[in-house]
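Data first, discussion second: the structure below is written as structure tokens.
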Amino acid sequence: MVGYICQVCGFELWTPIARLGVTTLGLYDDARFPGRCILVYDEHVEDLVDLDDDAASAFIADAKLAARAIAQAVTVERMNYAILGNVEPHLHMHLIPRVSAGDPLFGRPPWERPDPVRPLDPETKESIVRLLQANLGTLSRLAG
């Protein structure tokens, strides 16, 4: 899988997983939320409102596909979706699977977790990436 780096702003995915319709999905290495991903729009756009309706629909379709793949790869009770853009001026969406067990702030936004981001162990990370790639392939074939 080729990585993703925006030639305009330098936004970079750490662990790219797959290219989807108009986006690239990457794993966000965060052991607090196994399966947390970032979905980045492939062209440099700073805000969702900058997309025409067809492009915005394609972005949301990719987000739904990614969320389904994540839900099949890891335990998910609730998926959180966030488009912020305060730090990185490139359209991207955080997809954060939430599970109440072990999450002291399950009913609160994930940003309020007091414990720092820590990386997944290498075996878990590799397993999640493989599952996501397989699930995306299966879901794409079913949709097509």
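Residue numbers start at 1 in each chain; chains themselves are named A, B, ... in the order of the structure tokens; ligands are numbered from 1 in the order shown.
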(request) List every residue of region 56-100 of chain A that DSSP, applied to the backbone of this structure, places in alpha helix (DSSP H), and write the result as a list in words. (result)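 In region 56-100 of chain A, DSSP puts these residues in alpha helix (DSSP H): Ala56, Ser57, Ala58, Phe59, Ile60, Ala61, Asp62, Ala63, Lys64, Leu65, Ala66, Ala67, Arg68, Ala69, Ile70, Ala71, Gln72 and Ala73 of chain A.
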Dump N, CA and C atoms for the selected residues as a short mmCIF file (atom, residue, chain, number, x, y, z; two decimals), in the first residue's frame?
```cif
data_model
loop_
_atom_site.label_atom_id
_atom_site.label_comp_id
_atom_site.auth_asym_id
_atom_site.auth_seq_id
_atom_site.Cartn_x
_atom_site.Cartn_y
_atom_site.Cartn_z
N ALA A 56 -19.10 15.16 -1.71
CA ALA A 56 -19.46 15.01 -0.29
C ALA A 56 -20.16 13.68 -0.06
N SER A 57 -21.04 13.30 -0.97
CA SER A 57 -21.72 12.00 -0.85
C SER A 57 -20.72 10.85 -0.95
N ALA A 58 -19.75 10.98 -1.83
CA ALA A 58 -18.73 9.94 -1.97
C ALA A 58 -17.87 9.86 -0.70
N PHE A 59 -17.56 11.00 -0.09
CA PHE A 59 -16.79 11.03 1.15
C PHE A 59 -17.56 10.30 2.26
N ILE A 60 -18.85 10.58 2.38
CA ILE A 60 -19.67 9.94 3.41
C ILE A 60 -19.83 8.44 3.11
N ALA A 61 -19.96 8.08 1.84
CA ALA A 61 -20.05 6.66 1.48
C ALA A 61 -18.77 5.93 1.90
N ASP A 62 -17.63 6.55 1.69
CA ASP A 62 -16.37 5.94 2.12
C ASP A 62 -16.33 5.81 3.65
N ALA A 63 -16.83 6.82 4.36
CA ALA A 63 -16.86 6.76 5.83
C ALA A 63 -17.74 5.60 6.30
N LYS A 64 -18.87 5.40 5.67
CA LYS A 64 -19.74 4.29 6.04
C LYS A 64 -19.07 2.94 5.77
N LEU A 65 -18.40 2.82 4.64
CA LEU A 65 -17.69 1.59 4.31
C LEU A 65 -16.58 1.33 5.34
N ALA A 66 -15.82 2.37 5.66
CA ALA A 66 -14.75 2.22 6.65
C ALA A 66 -15.31 1.83 8.01
N ALA A 67 -16.40 2.46 8.43
CA ALA A 67 -17.00 2.16 9.73
C ALA A 67 -17.47 0.70 9.78
N ARG A 68 -18.04 0.22 8.71
CA ARG A 68 -18.47 -1.19 8.66
C ARG A 68 -17.27 -2.12 8.78
N ALA A 69 -16.19 -1.79 8.07
CA ALA A 69 -14.99 -2.63 8.12
C ALA A 69 -14.39 -2.62 9.53
N ILE A 70 -14.36 -1.46 10.18
CA ILE A 70 -13.84 -1.36 11.54
C ILE A 70 -14.70 -2.20 12.49
N ALA A 71 -16.02 -2.08 12.35
CA ALA A 71 -16.94 -2.81 13.24
C ALA A 71 -16.80 -4.33 13.08
N GLN A 72 -16.37 -4.79 11.92
CA GLN A 72 -16.15 -6.22 11.72
C GLN A 72 -14.77 -6.66 12.21
N ALA A 73 -13.86 -5.70 12.37
CA ALA A 73 -12.49 -6.03 12.77
C ALA A 73 -12.28 -5.99 14.28
#
```
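Residue neighbourhood of Cys9 (chain A), excluding near-sequence residues (fewer than 4 positions): A:Ile5, A:His44, A:Val45, A:Glu46, A:Glu88, A:Pro89, A:His90, at 10 Å, using only C-alpha atoms.
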(message) For a quick check of understanding, using only C-alpha atoms, which of A:Tyr28, A:Phe106, A:Tyr41, A:Tyr4 has the smallest distance to His92 (chain A)?
(response)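 Comparing A:Tyr28, A:Phe106, A:Tyr41, A:Tyr4 against His92 (chain A), the winner is A:Tyr41.
Note that the spacing between CA of Asp52 (chain A) and CA of Val40 (chain A) amounts to 16.5 Å.
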(message) Need the shell around region 127-130 of chain A: protein/DNA/RNA residues with any atom at most 9 Å away, counting only C-alpha atoms. Skip same-chain ones fewer than 3 positions apart. Format as a PyMOL selection string?
(response) chain A and resi 15-17+26-27+34-35+70+73-74+122-124+133-135
(message) If I take CA of Met79 (chain A) and CA of Gly10 (chain A), how far is one from the other in Å, to one decimal?
(response)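 Taking CA of Met79 (chain A) and CA of Gly10 (chain A), their separation equals 27.5 Å.
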(request) Would you list the contacts of Ala82 (chain A) as an NGL selection string, taking every protein, DNA or RNA residue within 8 Å and counting only C-alpha atoms, but skipping same-chain residues closer than 3 positions in sequence? (result) :A and (93-95)
Include N, CA and C atoms and write out the residues we just selected as a CSV table (one decimal), in the first residue's frame.
```
chain,number,residue,atom,x,y,z
A,93,MET,N,-11.5,12.6,8.5
A,93,MET,CA,-12.5,12.2,9.5
A,93,MET,C,-11.9,11.2,10.5
A,94,HIS,N,-12.0,11.4,11.7
A,94,HIS,CA,-11.6,10.4,12.7
A,94,HIS,C,-12.8,9.4,12.9
A,95,LEU,N,-12.5,8.1,12.9
A,95,LEU,CA,-13.5,7.1,13.2
A,95,LEU,C,-13.0,6.3,14.4
```
(request) Find, counting only C-alpha atoms, the residue in A:Leu131, A:Leu39, A:Cys6, A:Leu105 that gets nearest to Leu20 (chain A). (result)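 Of A:Leu131, A:Leu39, A:Cys6, A:Leu105, the one nearest Leu20 (chain A) is A:Leu39, counting only C-alpha atoms.
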(request) Tell me which protein, DNA and RNA residues are within 9 Å of Arg78 (chain A), counting only C-alpha atoms, leaving out same-chain ones fewer than 5 positions away, and put them as number ranges by chain. (result) A: 96-100
Residues from last step as file, N, CA and C atoms, as a compact mmCIF listing (two decimals), in the first residue's frame:
```txt
# COMPACT_ATOMS: atom_id res chain seq x y z
N ILE A 96 -13.69 6.48 15.50
CA ILE A 96 -13.19 6.00 16.77
C ILE A 96 -14.17 4.99 17.36
N PRO A 97 -13.80 3.70 17.32
CA PRO A 97 -14.67 2.68 17.90
C PRO A 97 -14.64 2.78 19.42
N ARG A 98 -15.81 2.74 20.02
CA ARG A 98 -15.91 2.87 21.48
C ARG A 98 -16.51 1.61 22.07
N VAL A 99 -15.97 1.22 23.20
CA VAL A 99 -16.43 0.06 23.96
C VAL A 99 -16.47 0.49 25.43
N SER A 100 -17.56 0.21 26.10
CA SER A 100 -17.70 0.67 27.49
C SER A 100 -16.71 -0.01 28.44
```
(request) Could you jot down the CA of Trp111 (chain A) to CA of Val49 (chain A) separation for me, Å, one decimal place? (result)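 Between CA of Trp111 (chain A) and CA of Val49 (chain A) the gap is 24.0 Å.
With only C-alpha atoms as the basis for measurement, A:Asp103 is the residue among A:Asp103, A:Glu43, A:Glu112, A:Asp29 that approaches Glu77 (chain A) most closely.
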